[in-house]
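Enquirer: One structure follows; several queries about it will come next.
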Amino acid sequence: MVNYEQRLAAMGLVLPQPLKLPSNMVLPFPWVNVRGNRAFVSGHGPQNTDGTPAGPFGAVGENISIEEAKASARKVALSMLGSLKRELGSLDRITGWCRVLGMVNCAPRFANPPAVINGFTELIIEVFGPEVGRHSRSAIGVAGLPLNFPVEIEAEVIISA
């Protein structure tokens, strides 16, 4: 049986602590909403391992390069996996990734959000393998994101009991 947390450790990756929000920010929803055999994951941004929001901050194509934003998308994957582990108790309960919606904070005329969200997809497939990790995906550009994150991603996964 695969142990995804051991796989992350072997890759030298650490799941971040829960997001440390600014004191004036209240989120009236759960990070992970379990319904039957599905876990719906709210939009996550990049985090440092201590739970603080991770930079760089701003718009891709303006003050952030595609490669920097792609690295941020990898951090979003770790942030999301941290929330899933806290809610599910173990990442081994994830039996399939269904869909992913990636939003990229874009400068006007930036037309390559998929290249940014590839950072997330590539990490999920590295950790879970192509059978469990593959997912349908949309990657869209937006005019701004909370905390001026360059990337925010939400997902839906299938889980075992």
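All residue names refer to the structure tokens as shown: chains lettered A, B, ... in order, residues numbered from 1 in each chain, ligands numbered from 1 in order.
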Set the distance at 8 Å and use only C-alpha atoms: which residues neighbour Ala39 (chain A) once local chain neighbours fewer than 4 positions away are removed? I'd like the list as a ChimeraX atom specification.
Expert: /A:32-35,156-159
Enquirer: Quick one: residues within 10 Å of Pro53 (chain A), only C-alpha atoms counted, chain neighbours fewer than 6 positions away excluded, as a ChimeraX atom specification?
Expert: /A:19-22,45-47,79,147-149
Enquirer: Using only C-alpha atoms, which of the listed residues (A:Gly43, A:Gly89, A:Gly82, A:Pro16) sits closest to Gly102 (chain A)?
Expert: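 Ranking A:Gly43, A:Gly89, A:Gly82, A:Pro16 by distance to Gly102 (chain A), first place goes to A:Gly43.
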Enquirer: Can you measure CA of Gly55 (chain A) to CA of Cys98 (chain A) for me? One decimal in Å is fine.
Expert: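 Result for CA of Gly55 (chain A) versus CA of Cys98 (chain A): 27.8 Å, one decimal.
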Enquirer: Using only C-alpha atoms, which of the listed residues (A:Ala161, A:Ile140, A:Val116, A:Val76) sits closest to Leu88 (chain A)?
Expert: A:Ala161
Enquirer: Which of these, A:Ala69, A:Ala10, A:Val2, A:Ile94, has the shortest distance to Leu81 (chain A) once you count only C-alpha atoms?
Expert: A:Ile94
Enquirer: Considering only C-alpha atoms, can you say which of A:Phe110, A:Trp97, A:Phe29, A:Phe128 comes closest to Gln6 (chain A)?
Expert: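 So, comparing all the options, the nearest one is A:Phe128.
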Enquirer: Give the alpha helix (DSSP H) residues of region 44-147 of chain A, as DSSP finds them on the backbone, and put them as a PyMOL selection string.
Expert: chain A and resi 66-88+113-133
Enquirer: What is the CA of Pro113 (chain A)-CA of His44 (chain A) distance in Å, reported with one decimal?
Expert: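 Separation between CA of Pro113 (chain A) and CA of His44 (chain A): 16.2 Å.
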Enquirer: Just the residues within 12 Å of Arg99 (chain A), please, counting only C-alpha atoms, with nothing from its chain fewer than 2 positions along; format it as a list of chain:residue names.
Expert: A:Arg38, A:Ala39, A:Phe40, A:Val41, A:Gly96, A:Trp97, A:Leu101, A:Gly102, A:Thr121, A:Ile124, A:Val132, A:Gly133, A:Arg134, A:His135, A:Ser136, A:Arg137, A:Ser138, A:Ala139, A:Ile153, A:Glu154, A:Ala155, A:Glu156, A:Val157, A:Ile158
Enquirer: In Å, rounded to a single decimal, give me how far CA of Thr52 (chain A) is from CA of Val104 (chain A).
Expert: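 These two atoms are separated by 19.6 Å.
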Enquirer: Find, counting only C-alpha atoms, the residue in A:Leu78, A:Val151, A:Ile64, A:Ala111 that gets nearest to Val14 (chain A).
Expert: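 So, comparing all the options, the nearest one is A:Leu78.
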Enquirer: Env of Ala73 (chain A): 6 Å cut, atoms = only C-alpha atoms, seq-sep filter 2 positions within chain, self excluded. Answer as a PyMOL selection string.
Expert: chain A and resi 70-71+75-76+117+119-120
Enquirer: Can you check which residues of region 18-139 of chain A DSSP gives as strand (DSSP E or B) on the backbone and send them as a ChimeraX atom specification?
Expert: /A:32-35,38-44,47,53,60,64,94-106,136-139
Enquirer: Write out as a ChimeraX atom specification which residues come within 10 Å of Arg86 (chain A) when counting only C-alpha atoms, dropping same-chain ones fewer than 5 positions away.
Expert: /A:17-18,31-32,80-81,91
